[in-house]
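> The structure file final_2.txt (compact mmCIF, C-alpha atoms and all ligand atoms) is provided below.
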```
# COMPACT_ATOMS: atom_id res chain seq x y z
CA MET X 175 99.14 93.54 80.75
CA ILE X 176 99.24 97.18 79.67
CA PRO X 177 96.10 98.30 77.76
CA ALA X 178 96.72 99.71 74.26
CA ALA X 179 94.46 102.65 75.13
CA LEU X 180 96.83 103.65 77.95
CA ILE X 181 99.78 103.73 75.54
CA GLU X 182 97.71 105.77 73.05
CA ALA X 183 96.81 108.31 75.74
CA LEU X 184 100.47 108.54 76.77
CA ALA X 185 101.61 109.01 73.18
CA GLU X 186 99.11 111.84 72.67
CA ALA X 187 99.60 113.66 75.96
CA ARG X 188 101.17 117.12 75.76
CA HIS X 189 102.03 117.00 79.47
CA VAL X 190 102.31 113.94 81.70
CA CYS X 191 102.45 114.25 85.49
CA VAL X 192 103.85 111.34 87.51
CA LEU X 193 103.50 110.81 91.27
CA THR X 194 105.74 108.17 92.84
CA GLY X 195 105.90 106.65 96.31
CA ALA X 196 107.86 104.13 98.33
CA GLY X 197 106.87 101.25 96.00
CA VAL X 198 109.08 102.61 93.21
CA SER X 199 112.13 102.16 95.43
CA ALA X 200 111.04 98.78 96.84
CA GLU X 201 112.87 96.84 94.11
CA SER X 202 116.07 98.74 94.95
CA GLY X 203 115.80 97.43 98.49
CA VAL X 204 115.02 100.74 100.19
CA PRO X 205 113.02 99.87 103.27
CA THR X 206 109.82 101.85 103.77
CA PHE X 207 109.63 103.89 106.95
CA ARG X 208 107.63 101.08 108.49
CA ASP X 209 110.02 98.31 107.30
CA ALA X 210 113.01 100.30 108.50
CA GLN X 211 111.60 100.10 111.97
CA ASP X 212 112.01 96.38 112.14
CA GLY X 213 115.19 95.03 113.66
CA LEU X 214 117.64 97.55 115.05
CA TRP X 215 115.14 100.36 115.52
CA ALA X 216 112.06 98.31 116.43
CA ASP X 217 111.89 99.71 119.95
CA TYR X 218 111.70 103.34 118.84
CA ASN X 219 108.48 105.22 118.23
CA PRO X 220 108.40 106.98 114.82
CA LEU X 221 107.18 110.08 116.63
CA GLU X 222 110.49 110.14 118.55
CA LEU X 223 112.50 109.89 115.32
CA ALA X 224 110.61 111.97 112.78
CA THR X 225 108.99 114.93 114.50
CA ARG X 226 110.21 118.35 115.70
CA GLU X 227 109.34 117.37 119.25
CA GLY X 228 111.38 114.15 119.04
CA PHE X 229 114.36 116.07 117.64
CA SER X 230 114.12 118.69 120.40
CA ARG X 231 114.10 115.94 123.02
CA ASP X 232 117.02 113.90 121.68
CA PRO X 233 118.73 115.27 118.56
CA ALA X 234 121.64 112.80 118.81
CA LEU X 235 119.23 109.86 118.64
CA VAL X 236 117.43 111.35 115.62
CA TRP X 237 120.76 111.94 113.85
CA ARG X 238 121.83 108.32 114.51
CA TRP X 239 118.58 107.09 112.90
CA TYR X 240 118.98 109.33 109.84
CA ARG X 241 122.67 108.45 109.42
CA TRP X 242 121.68 104.77 109.48
CA ARG X 243 119.04 105.41 106.80
CA ARG X 244 121.52 107.44 104.72
CA GLU X 245 123.99 104.57 104.76
CA LEU X 246 121.27 102.15 103.73
CA VAL X 247 120.18 104.30 100.79
CA ALA X 248 123.76 105.10 99.76
CA GLY X 249 124.31 101.35 99.47
CA VAL X 250 121.51 100.70 96.95
CA VAL X 251 121.12 101.64 93.29
CA PRO X 252 118.16 102.89 91.19
CA ASN X 253 116.11 100.09 89.61
CA ALA X 254 114.61 99.61 86.15
CA GLY X 255 111.52 101.63 87.16
CA HIS X 256 113.56 104.71 88.07
CA THR X 257 115.57 104.40 84.84
CA ALA X 258 112.44 104.00 82.72
CA LEU X 259 110.92 107.17 84.21
CA ALA X 260 114.10 109.13 83.45
CA GLU X 261 113.99 107.84 79.85
CA LEU X 262 110.26 108.52 79.53
CA ALA X 263 110.91 112.23 80.14
CA GLY X 264 113.03 112.28 76.98
CA MET X 265 110.29 110.62 74.91
CA LEU X 266 107.45 113.03 75.77
CA PRO X 267 106.92 116.76 75.12
CA ARG X 268 106.71 117.40 78.88
CA LEU X 269 106.88 115.27 82.01
CA THR X 270 106.63 116.50 85.61
CA LEU X 271 107.88 114.05 88.22
CA VAL X 272 106.60 114.45 91.77
CA THR X 273 107.90 112.04 94.41
CA GLN X 274 107.07 111.36 98.03
CA ASN X 275 110.40 109.55 98.35
CA VAL X 276 113.37 111.15 100.08
CA ASP X 277 115.98 108.71 98.76
CA GLY X 278 117.16 110.69 95.69
CA LEU X 279 117.04 107.56 93.49
CA HIS X 280 115.08 109.30 90.70
CA GLN X 281 117.85 111.88 90.41
CA ARG X 282 120.54 109.18 90.51
CA ALA X 283 118.70 107.44 87.64
CA GLY X 284 118.88 110.67 85.59
CA SER X 285 115.57 112.42 86.25
CA ALA X 286 115.88 116.22 86.35
CA ASP X 287 113.72 118.79 88.16
CA VAL X 288 112.18 116.23 90.50
CA ILE X 289 109.59 117.79 92.82
CA GLU X 290 110.31 116.33 96.27
CA PHE X 291 107.22 116.49 98.46
CA HIS X 292 108.92 115.19 101.57
CA GLY X 293 112.37 116.71 101.11
CA ASN X 294 115.62 114.81 100.69
CA LEU X 295 117.43 112.48 103.05
CA PHE X 296 120.85 113.82 102.04
CA VAL X 297 120.22 117.54 102.49
CA ASP X 298 120.66 119.30 105.83
CA ARG X 299 119.24 122.54 107.13
CA CYS X 300 119.17 124.48 110.37
CA PHE X 301 116.47 123.52 112.88
CA ASP X 302 116.28 127.16 114.06
CA CYS X 303 116.85 129.45 111.07
CA GLY X 304 116.18 127.02 108.20
CA ARG X 305 119.35 127.88 106.28
CA PRO X 306 121.01 125.02 104.39
CA GLY X 307 124.05 123.46 106.03
CA ASP X 308 126.33 120.43 105.87
CA ALA X 309 126.15 118.06 108.83
CA ALA X 310 129.19 116.00 107.82
CA ASP X 311 129.88 113.38 110.51
CA GLU X 312 129.59 115.42 113.69
CA GLU X 313 127.31 113.90 116.31
CA LEU X 314 125.46 117.19 116.81
CA PRO X 315 126.15 119.37 113.76
CA ARG X 316 125.69 123.13 114.09
CA CYS X 317 124.57 125.85 111.67
CA GLU X 318 127.46 128.09 110.56
CA ALA X 319 125.14 131.08 110.34
CA CYS X 320 123.24 131.05 113.65
CA GLY X 321 124.79 128.26 115.75
CA GLY X 322 121.51 126.34 115.94
CA LEU X 323 121.41 122.57 115.44
CA LEU X 324 121.35 121.23 111.90
CA ARG X 325 118.62 118.70 111.09
CA PRO X 326 117.92 116.34 108.20
CA GLY X 327 116.13 118.09 105.32
CA VAL X 328 113.12 115.80 105.25
CA VAL X 329 109.51 116.66 106.05
CA TRP X 330 108.62 115.22 109.44
CA PHE X 331 105.20 114.16 110.71
CA GLY X 332 103.12 117.24 111.41
CA GLU X 333 105.26 119.50 109.19
CA ALA X 334 104.05 121.29 106.09
CA ILE X 335 105.10 120.19 102.59
CA PRO X 336 107.44 122.88 101.14
CA SER X 337 105.16 125.45 99.52
CA ASP X 338 107.22 125.57 96.33
CA ALA X 339 106.77 121.79 95.89
CA ILE X 340 103.02 122.07 96.54
CA ASP X 341 102.59 124.94 94.07
CA ARG X 342 104.55 123.29 91.27
CA ALA X 343 102.93 119.87 91.78
CA PHE X 344 99.36 121.16 91.87
CA ALA X 345 99.97 123.35 88.82
CA ALA X 346 101.31 120.31 86.95
CA ALA X 347 98.38 118.10 88.05
CA ALA X 348 95.89 120.71 86.85
CA ASP X 349 97.69 121.17 83.53
CA CYS X 350 98.54 117.57 82.59
CA GLU X 351 96.64 115.43 80.12
CA MET X 352 97.81 112.19 81.68
CA PHE X 353 98.51 111.41 85.35
CA LEU X 354 100.42 108.33 86.50
CA SER X 355 100.33 107.27 90.15
CA ILE X 356 103.12 104.74 90.69
CA GLY X 357 104.12 102.75 93.78
CA THR X 358 102.12 104.83 96.20
CA SER X 359 99.24 103.85 98.42
CA ALA X 360 97.85 107.28 97.43
CA LEU X 361 96.40 107.75 100.90
CA VAL X 362 98.50 110.55 102.33
CA TYR X 363 97.27 114.05 101.53
CA PRO X 364 98.11 116.44 99.99
CA ALA X 365 100.04 114.16 97.59
CA ALA X 366 96.99 111.94 97.13
CA GLY X 367 94.94 115.03 96.18
CA LEU X 368 97.01 115.50 93.02
CA ILE X 369 95.21 112.63 91.31
CA ASP X 370 91.82 114.20 92.19
CA ILE X 371 92.91 117.52 90.68
CA ALA X 372 94.17 115.79 87.54
CA ARG X 373 90.94 113.81 87.16
CA GLU X 374 88.76 116.90 87.70
CA ASN X 375 90.70 118.68 85.00
CA GLY X 376 90.09 115.91 82.49
CA ALA X 377 93.42 114.07 82.60
CA VAL X 378 93.56 110.36 81.81
CA CYS X 379 94.61 108.76 85.10
CA ALA X 380 96.43 105.47 85.64
CA GLU X 381 98.05 103.68 88.56
CA ILE X 382 100.81 101.10 88.56
CA ASN X 383 100.91 99.01 91.73
CA PRO X 384 101.13 95.26 92.43
CA ASP X 385 98.33 95.69 94.97
CA PRO X 386 95.51 97.84 93.54
CA THR X 387 94.92 100.84 95.83
CA GLU X 388 91.72 102.57 96.92
CA GLN X 389 92.14 104.80 93.87
CA ALA X 390 92.07 101.80 91.49
CA ALA X 391 88.31 101.96 91.00
CA SER X 392 88.34 105.65 90.10
CA VAL X 393 91.29 105.79 87.68
CA HIS X 394 90.93 105.03 83.98
CA PHE X 395 93.61 102.32 84.05
CA ALA X 396 94.86 100.29 87.02
CA VAL X 397 97.88 98.22 85.98
CA ALA X 398 98.67 95.51 88.53
CA GLY X 399 102.42 94.95 88.64
CA GLU X 400 105.80 96.08 89.96
CA SER X 401 107.04 99.38 88.59
CA GLY X 402 110.44 97.85 87.76
CA ARG X 403 108.73 95.47 85.38
CA VAL X 404 105.74 97.49 84.11
CA LEU X 405 107.56 100.76 83.33
CA PRO X 406 110.22 99.27 81.00
CA GLU X 407 107.42 97.36 79.24
CA LEU X 408 105.41 100.56 78.89
CA LEU X 409 108.44 102.33 77.37
CA GLY X 410 108.92 99.49 74.90
CA LEU X 411 105.28 99.73 73.77
CA LEU X 412 105.47 103.52 73.51
CA ALA X 413 108.59 103.33 71.34
CA SER X 414 107.19 100.62 69.02
N1 LIG V 1 106.21 98.53 92.39
C1 LIG V 1 105.19 99.40 92.54
N2 LIG V 1 104.51 99.56 93.69
C2 LIG V 1 104.89 98.81 94.74
C3 LIG V 1 105.96 97.90 94.68
C4 LIG V 1 106.64 97.76 93.44
N3 LIG V 1 107.65 96.91 93.27
N4 LIG V 1 106.10 97.31 95.89
C5 LIG V 1 105.15 97.86 96.69
N5 LIG V 1 104.42 98.75 96.00
C6 LIG V 1 103.31 99.59 96.46
C7 LIG V 1 102.51 99.03 97.62
O1 LIG V 1 101.51 98.14 97.15
C8 LIG V 1 101.93 100.30 98.23
O2 LIG V 1 100.69 100.63 97.64
O3 LIG V 1 103.87 100.78 96.94
C9 LIG V 1 102.95 101.36 97.85
C10 LIG V 1 103.75 101.92 99.02
O4 LIG V 1 102.86 102.56 99.89
P1 LIG V 1 103.34 103.34 101.19
O5 LIG V 1 104.32 102.49 101.95
O6 LIG V 1 102.14 103.86 101.87
O7 LIG V 1 104.23 104.50 100.57
P2 LIG V 1 103.79 105.94 100.04
O8 LIG V 1 102.54 105.89 99.27
O9 LIG V 1 105.01 106.49 99.41
O10 LIG V 1 103.53 106.68 101.42
C11 LIG V 1 103.41 108.05 101.42
O11 LIG V 1 103.62 108.16 103.83
O12 LIG V 1 104.85 106.86 105.32
C12 LIG V 1 104.64 108.15 104.81
O13 LIG V 1 106.12 109.93 104.41
C13 LIG V 1 105.92 108.57 104.12
O14 LIG V 1 106.33 109.28 101.86
C14 LIG V 1 105.61 108.39 102.65
C15 LIG V 1 104.12 108.66 102.60
```
Here is the file; what I need is its structure written in the form of structure tokens.

Amino acid sequence: MIPAALIEALAEARHVCVLTGAGVSAESGVPTFRDAQDGLWADYNPLELATREGFSRDPALVWRWYRWRRELVAGVVPNAGHTALAELAGMLPRLTLVTQNVDGLHQRAGSADVIEFHGNLFVDRCFDCGRPGDAADEELPRCEACGGLLRPGVVWFGEAIPSDAIDRAFAAAADCEMFLSIGTSALVYPAAGLIDIARENGAVCAEINPDPTEQAASVHFAVAGESGRVLPELLGLLAS
């Protein structure tokens, strides 16, 4: 059930900022990092697969893990939640979409200018010099510029969020009149801090999540439900 007051706030907002997490891609069948470690990769420690140290120790192993995840994500499609968010941008004066997901499904659904907090699974860059590269299918791809090893362009444990993403996201959170936190446990900082900034600056805050999070008590509206169901419904109400 979506409260009428939430739709009113959305209709009146000059700028809406949206933060999404793994839950938005759940209905597409993208396994979360934790889920993905069941089965084939159950014996591997995440710190071996998604840290600079792990990559330095065994880059071929890390590349096998990321190629496996790439294939998984390439084989799924955006769901109704992704599509609704892309459409919502066209219905509002301004929408800033910040995601913690690396799967690129928002872009495939038609969202533009997505701020990716944790990078992108399908982009490569050099481990040494940071320049972009294209790993293709080589087991140990090398940077054309410096000869260093290429690595997946995601943010690993212990690494900083790209400063450009941080700056743009925090500026949007401070400026928006409505903040939507969707499909994220909203526990991992600094992404989780965006909602605090928005609230402190007077934005109306809402979360959409089938399992209310720790933020549920402090947002104005906590809508319990899957994003693939709630977001299309929200769009329908906004349009009517
Ligand atoms: N619709 C909306 N939300 C959903 C759905 C759904 N269909 N299914 C699950 N959820 C919710 C869960 O209830 C949970 O609160 O999505 C949330 C997913 O939480 P996490 O797995 O913690 O994902 P996220 O918040 O994106 O984690 C942040 O932590 O693991 C690291 O780097 C990783 O980007 C990730 C970051």
> By how many Å are atom O8 of ligand LIG 1 (chain V) and atom CA of Arg305 of chain X apart?
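Answer for the atom O8 of ligand LIG 1 (chain V) to atom CA of Arg305 of chain X separation: 28.6 Å.
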> Using all atoms listed in the file, which protein or nucleic acid residues are at most 9 Å from ligand LIG 1 (chain V), as an NGL selection string?
:X and (194-202 or 206-209 or 255 or 273-276 or 291-292 or 329-331 or 356-363 or 365-366 or 382-387 or 398-404)
> With segment 244-250 of chain X as the partner and 12 Å as the cut-off, tabulate the residues of segment 296-375 of chain X that qualify, each row holding the nearest pair of atoms and their distance in Å to one decimal, using all atoms listed in the file, sorted by chain and rising number, as CSV.

```
residue,atom,partner,partner_atom,distance
X:Phe296,CA,X:Arg244,CA,7.0
X:Val297,CA,X:Arg244,CA,10.4
X:Asp298,CA,X:Arg244,CA,11.9
X:Ala310,CA,X:Arg244,CA,11.9
X:Asp311,CA,X:Arg244,CA,11.8
X:Pro326,CA,X:Arg244,CA,10.2
X:Gly327,CA,X:Arg244,CA,12.0
X:Val328,CA,X:Arg244,CA,11.9
```
> Restricting the output to C-alpha atoms, write the selected residues as a PDB file, in the coordinates of the input.

```
ATOM      1  CA  PHE X 296     120.850 113.820 102.040  1.00  0.00           C
ATOM      2  CA  VAL X 297     120.220 117.540 102.490  1.00  0.00           C
ATOM      3  CA  ASP X 298     120.660 119.300 105.830  1.00  0.00           C
ATOM      4  CA  ALA X 310     129.190 116.000 107.820  1.00  0.00           C
ATOM      5  CA  ASP X 311     129.880 113.380 110.510  1.00  0.00           C
ATOM      6  CA  PRO X 326     117.920 116.340 108.200  1.00  0.00           C
ATOM      7  CA  GLY X 327     116.130 118.090 105.320  1.00  0.00           C
ATOM      8  CA  VAL X 328     113.120 115.800 105.250  1.00  0.00           C
TER       9      VAL X 328
END
```
> Please write out, as lines of an AutoDock Vina configuration file, where the centre of an axis-aligned box around all listed atoms of segment 183-201 of chain X lies and how long its edges are, in Å to one decimal, after adding 8 Å on each side.

```
center_x = 104.8
center_y = 107.0
center_z = 85.5
size_x = 32.1
size_y = 36.3
size_z = 41.7
```
> Work out how far apart atom CA of Glu407 of chain X and atom CA of Ile371 of chain X are and give it in Å to one decimal.
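If I compute the distance from atom CA of Glu407 of chain X to atom CA of Ile371 of chain X, I get 27.3 Å.
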> Give me segment 308-320 of chain X with N, CA and C atoms filled in, as an mmCIF file, in the coordinates of the input.

```cif
data_model
loop_
_atom_site.group_PDB
_atom_site.id
_atom_site.type_symbol
_atom_site.label_atom_id
_atom_site.label_comp_id
_atom_site.auth_asym_id
_atom_site.auth_seq_id
_atom_site.Cartn_x
_atom_site.Cartn_y
_atom_site.Cartn_z
ATOM 1 N N ASP X 308 125.753 121.731 106.192
ATOM 2 C CA ASP X 308 126.330 120.430 105.870
ATOM 3 C C ASP X 308 126.718 119.744 107.183
ATOM 4 N N ALA X 309 125.969 118.701 107.517
ATOM 5 C CA ALA X 309 126.150 118.060 108.830
ATOM 6 C C ALA X 309 127.417 117.240 108.935
ATOM 7 N N ALA X 310 128.015 116.883 107.811
ATOM 8 C CA ALA X 310 129.190 116.000 107.820
ATOM 9 C C ALA X 310 128.987 114.861 108.830
ATOM 10 N N ASP X 311 130.015 114.536 109.618
ATOM 11 C CA ASP X 311 129.880 113.380 110.510
ATOM 12 C C ASP X 311 129.788 113.746 111.991
ATOM 13 N N GLU X 312 129.649 115.040 112.267
ATOM 14 C CA GLU X 312 129.590 115.420 113.690
ATOM 15 C C GLU X 312 128.337 114.817 114.347
ATOM 16 N N GLU X 313 128.456 114.509 115.622
ATOM 17 C CA GLU X 313 127.310 113.900 116.310
ATOM 18 C C GLU X 313 126.150 114.906 116.387
ATOM 19 N N LEU X 314 126.476 116.148 116.736
ATOM 20 C CA LEU X 314 125.460 117.190 116.810
ATOM 21 C C LEU X 314 125.899 118.384 115.951
ATOM 22 N N PRO X 315 125.668 118.316 114.654
ATOM 23 C CA PRO X 315 126.150 119.370 113.760
ATOM 24 C C PRO X 315 125.460 120.705 113.994
ATOM 25 N N ARG X 316 126.219 121.780 113.807
ATOM 26 C CA ARG X 316 125.690 123.130 114.090
ATOM 27 C C ARG X 316 125.648 123.969 112.819
ATOM 28 N N CYS X 317 124.723 124.913 112.788
ATOM 29 C CA CYS X 317 124.570 125.850 111.670
ATOM 30 C C CYS X 317 125.686 126.895 111.727
ATOM 31 N N GLU X 318 126.363 127.112 110.591
ATOM 32 C CA GLU X 318 127.460 128.090 110.560
ATOM 33 C C GLU X 318 126.932 129.507 110.734
ATOM 34 N N ALA X 319 125.685 129.728 110.307
ATOM 35 C CA ALA X 319 125.140 131.080 110.340
ATOM 36 C C ALA X 319 124.647 131.478 111.736
ATOM 37 N N CYS X 320 123.863 130.616 112.392
ATOM 38 C CA CYS X 320 123.240 131.050 113.650
ATOM 39 C C CYS X 320 123.628 130.199 114.855
#
```
